[in-house]
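Since the structure comes first, as structure tokens, the remarks are kept for the end.
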Amino acid sequence: ALGVGFFSHTQCAEMVPCRPAMARGRAFKLSVCIDTVSLPALKGASVKSSQRPFITVSVGDKTKQTELAEWCKEEERWRFGEVITLEVSPHDEVLISVMRNKQVDLVVAALAMSAECLGEVCVPVASVLPMLAMEDRDVDGIIYATQDVNFDVIKEGARTGRAAIAFETKQAPACYSGAAAGAQRRGWCDVATPVV
């Protein structure tokens, strides 16, 4: 598993997802491609539809969230297949939190409560940049993307699951000669060293 350069917050609030620290730097749009999440304590057969997990992605004071996941019985994991795009800088951290809605069943109706955090991972953008590789996707043009990375989902110091996530951007990193097909990668510059 690719674990170097990634870490989780030691605690995850039950009511509101944690927030990564803001940092200054050159801004660009980074897409977080959320594929699947496995949660041994949350199997699909035992979960009510309204309490299926969803994911929030936060950078600084900006947060976006996915739709509720679909349970894949064959793989025994939750499938998202969603892309969330946020503006980041090389010094930012992307906080990915796995959430679910709390719910109390009453005699007449079900009362929806606030969201519960099931675990999280905090990814320094500087750790993602060296993994980006240039791809020519025909209609979409040149994209700089990583392969799927498997992250441990952590809550209060314990692993609660695994998430398969990739990252991509349309903006060429500083050390590419250009976005035209055939441009050559010459290495990385002007970005922070990945956190170890």
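In the structure tokens, each chain is lettered A, B, ... as it comes, each chain's residues begin at 1, and ligands are numbered from 1 in order of appearance.
Using only C-alpha atoms, the protein and nucleic acid residues lying no more than 7 Å from Gly119 of chain A, apart from those fewer than 2 places from it along its own chain, are Cys12, Ser97, Val98, Cys117, Val153, Ile154, Lys155 and Thr160 of chain A.
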When DSSP is applied to the backbone of this structure, which of segment 24-68 of chain A are assigned strand (DSSP E)? Write them out as an MDAnalysis selection string.
chainID A and resid 28:38 54:59 62:65
Store the residues picked out above, limited to N, CA, C and O atoms, as a PDB file, in the first residue's frame.
```pdb
ATOM      1  N   PHE A  28      -4.618  25.572  -8.051  1.00  0.00           N
ATOM      2  CA  PHE A  28      -5.049  24.863  -9.247  1.00  0.00           C
ATOM      3  C   PHE A  28      -6.175  23.925  -8.848  1.00  0.00           C
ATOM      4  O   PHE A  28      -6.406  23.664  -7.667  1.00  0.00           O
ATOM      5  N   LYS A  29      -6.907  23.432  -9.835  1.00  0.00           N
ATOM      6  CA  LYS A  29      -8.042  22.554  -9.561  1.00  0.00           C
ATOM      7  C   LYS A  29      -7.588  21.101  -9.553  1.00  0.00           C
ATOM      8  O   LYS A  29      -7.006  20.624 -10.525  1.00  0.00           O
ATOM      9  N   LEU A  30      -7.886  20.415  -8.445  1.00  0.00           N
ATOM     10  CA  LEU A  30      -7.534  19.011  -8.283  1.00  0.00           C
ATOM     11  C   LEU A  30      -8.819  18.207  -8.116  1.00  0.00           C
ATOM     12  O   LEU A  30      -9.666  18.545  -7.289  1.00  0.00           O
ATOM     13  N   SER A  31      -8.957  17.153  -8.908  1.00  0.00           N
ATOM     14  CA  SER A  31     -10.125  16.278  -8.803  1.00  0.00           C
ATOM     15  C   SER A  31      -9.789  15.057  -7.956  1.00  0.00           C
ATOM     16  O   SER A  31      -8.756  14.416  -8.171  1.00  0.00           O
ATOM     17  N   VAL A  32     -10.654  14.755  -7.006  1.00  0.00           N
ATOM     18  CA  VAL A  32     -10.526  13.583  -6.152  1.00  0.00           C
ATOM     19  C   VAL A  32     -11.512  12.534  -6.677  1.00  0.00           C
ATOM     20  O   VAL A  32     -12.727  12.743  -6.626  1.00  0.00           O
ATOM     21  N   CYS A  33     -10.980  11.447  -7.221  1.00  0.00           N
ATOM     22  CA  CYS A  33     -11.805  10.411  -7.855  1.00  0.00           C
ATOM     23  C   CYS A  33     -12.019   9.276  -6.854  1.00  0.00           C
ATOM     24  O   CYS A  33     -11.110   8.480  -6.611  1.00  0.00           O
ATOM     25  N   ILE A  34     -13.202   9.222  -6.280  1.00  0.00           N
ATOM     26  CA  ILE A  34     -13.497   8.275  -5.206  1.00  0.00           C
ATOM     27  C   ILE A  34     -14.112   7.022  -5.812  1.00  0.00           C
ATOM     28  O   ILE A  34     -15.208   7.064  -6.374  1.00  0.00           O
ATOM     29  N   ASP A  35     -13.410   5.908  -5.694  1.00  0.00           N
ATOM     30  CA  ASP A  35     -13.868   4.656  -6.285  1.00  0.00           C
ATOM     31  C   ASP A  35     -14.660   3.834  -5.273  1.00  0.00           C
ATOM     32  O   ASP A  35     -15.886   3.781  -5.328  1.00  0.00           O
ATOM     33  N   THR A  36     -13.967   3.184  -4.334  1.00  0.00           N
ATOM     34  CA  THR A  36     -14.645   2.316  -3.370  1.00  0.00           C
ATOM     35  C   THR A  36     -14.106   2.534  -1.966  1.00  0.00           C
ATOM     36  O   THR A  36     -12.990   3.033  -1.778  1.00  0.00           O
ATOM     37  N   VAL A  37     -14.908   2.111  -0.974  1.00  0.00           N
ATOM     38  CA  VAL A  37     -14.497   2.114   0.432  1.00  0.00           C
ATOM     39  C   VAL A  37     -14.975   0.810   1.059  1.00  0.00           C
ATOM     40  O   VAL A  37     -16.132   0.411   0.883  1.00  0.00           O
ATOM     41  N   SER A  38     -14.074   0.138   1.770  1.00  0.00           N
ATOM     42  CA  SER A  38     -14.458  -1.052   2.532  1.00  0.00           C
ATOM     43  C   SER A  38     -14.500  -0.690   4.011  1.00  0.00           C
ATOM     44  O   SER A  38     -13.575  -0.068   4.531  1.00  0.00           O
ATOM     45  N   PHE A  54     -21.403   8.182   3.026  1.00  0.00           N
ATOM     46  CA  PHE A  54     -21.052   9.154   2.009  1.00  0.00           C
ATOM     47  C   PHE A  54     -19.705   9.741   2.387  1.00  0.00           C
ATOM     48  O   PHE A  54     -19.179   9.485   3.482  1.00  0.00           O
ATOM     49  N   ILE A  55     -19.096  10.493   1.488  1.00  0.00           N
ATOM     50  CA  ILE A  55     -17.758  11.038   1.728  1.00  0.00           C
ATOM     51  C   ILE A  55     -17.772  12.543   1.580  1.00  0.00           C
ATOM     52  O   ILE A  55     -18.396  13.082   0.659  1.00  0.00           O
ATOM     53  N   THR A  56     -17.100  13.220   2.506  1.00  0.00           N
ATOM     54  CA  THR A  56     -16.868  14.657   2.363  1.00  0.00           C
ATOM     55  C   THR A  56     -15.392  14.878   2.051  1.00  0.00           C
ATOM     56  O   THR A  56     -14.524  14.179   2.576  1.00  0.00           O
ATOM     57  N   VAL A  57     -15.134  15.848   1.178  1.00  0.00           N
ATOM     58  CA  VAL A  57     -13.768  16.219   0.818  1.00  0.00           C
ATOM     59  C   VAL A  57     -13.601  17.697   1.157  1.00  0.00           C
ATOM     60  O   VAL A  57     -14.367  18.538   0.669  1.00  0.00           O
ATOM     61  N   SER A  58     -12.624  18.011   2.007  1.00  0.00           N
ATOM     62  CA  SER A  58     -12.431  19.376   2.500  1.00  0.00           C
ATOM     63  C   SER A  58     -11.023  19.872   2.209  1.00  0.00           C
ATOM     64  O   SER A  58     -10.050  19.146   2.365  1.00  0.00           O
ATOM     65  N   VAL A  59     -10.959  21.127   1.792  1.00  0.00           N
ATOM     66  CA  VAL A  59      -9.691  21.844   1.660  1.00  0.00           C
ATOM     67  C   VAL A  59      -9.919  23.220   2.265  1.00  0.00           C
ATOM     68  O   VAL A  59     -10.728  24.002   1.752  1.00  0.00           O
ATOM     69  N   LYS A  62     -13.513  25.005   2.491  1.00  0.00           N
ATOM     70  CA  LYS A  62     -14.417  24.529   1.449  1.00  0.00           C
ATOM     71  C   LYS A  62     -14.621  23.018   1.587  1.00  0.00           C
ATOM     72  O   LYS A  62     -13.662  22.270   1.727  1.00  0.00           O
ATOM     73  N   THR A  63     -15.871  22.592   1.526  1.00  0.00           N
ATOM     74  CA  THR A  63     -16.215  21.175   1.652  1.00  0.00           C
ATOM     75  C   THR A  63     -17.256  20.793   0.615  1.00  0.00           C
ATOM     76  O   THR A  63     -18.217  21.533   0.390  1.00  0.00           O
ATOM     77  N   LYS A  64     -17.048  19.640  -0.020  1.00  0.00           N
ATOM     78  CA  LYS A  64     -18.046  19.063  -0.924  1.00  0.00           C
ATOM     79  C   LYS A  64     -18.278  17.617  -0.497  1.00  0.00           C
ATOM     80  O   LYS A  64     -17.414  16.999   0.120  1.00  0.00           O
ATOM     81  N   GLN A  65     -19.441  17.082  -0.859  1.00  0.00           N
ATOM     82  CA  GLN A  65     -19.732  15.707  -0.457  1.00  0.00           C
ATOM     83  C   GLN A  65     -20.332  14.910  -1.611  1.00  0.00           C
ATOM     84  O   GLN A  65     -20.889  15.459  -2.557  1.00  0.00           O
TER      85      GLN A  65
END
```
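Minimum distance to Lys102 of chain A across A:Ser89, A:Leu118, A:Lys73, A:Thr146 (counting only C-alpha atoms) occurs at A:Leu118.
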The residue from A:Ala126, A:Ile142, A:Leu68, A:Ala27 with the smallest atom-to-atom distance to Glu87 of chain A, counting only C-alpha atoms, is A:Ala27
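Each of A:Leu42, A:Val121, A:Ala164, A:Ala172 was checked against Glu135 of chain A using only C-alpha atoms; the smallest atom-to-atom distance is that of A:Ala172.
Atom CA of Lys48 of chain A sits 29.1 Å away from atom CA of Val94 of chain A.
Rounded to one decimal, atom CA of Leu129 of chain A and atom CA of Leu39 of chain A lie 27.7 Å from each other.
Atom pair atom CA of Gly161 of chain A / atom CA of Trp78 of chain A has a distance of 10.7 Å (rounded to one decimal).
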Using only C-alpha atoms, find the one residue out of A:Gln147, A:Thr66, A:Ser49, A:Ser127 that sits nearest to Thr85 of chain A.
A:Thr66
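For segment 63-159 of chain A, the set of residues given alpha helix (DSSP H) by DSSP on the backbone reads Val125, Ala126, Ser127 and Val128 of chain A.
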Would you mind exporting the chosen residues as a compact mmCIF listing (two decimals), in the first residue's frame, restricted to N, CA and C atoms?
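Written out: again-v5.txt:
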```
# COMPACT_ATOMS: atom_id res chain seq x y z
N VAL A 125 -1.26 17.69 -0.50
CA VAL A 125 -1.23 17.83 -1.96
C VAL A 125 0.18 17.60 -2.49
N ALA A 126 1.19 18.03 -1.76
CA ALA A 126 2.58 17.85 -2.19
C ALA A 126 2.96 16.39 -2.34
N SER A 127 2.26 15.50 -1.63
CA SER A 127 2.53 14.07 -1.76
C SER A 127 1.87 13.47 -3.00
N VAL A 128 0.84 14.13 -3.49
CA VAL A 128 0.14 13.66 -4.68
C VAL A 128 0.89 14.04 -5.95
```
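Each of A:Ala69, A:Leu132, A:Val47, A:Val139 was compared to Gly81 of chain A using only C-alpha atoms, and A:Ala69 turns out to be the nearest.
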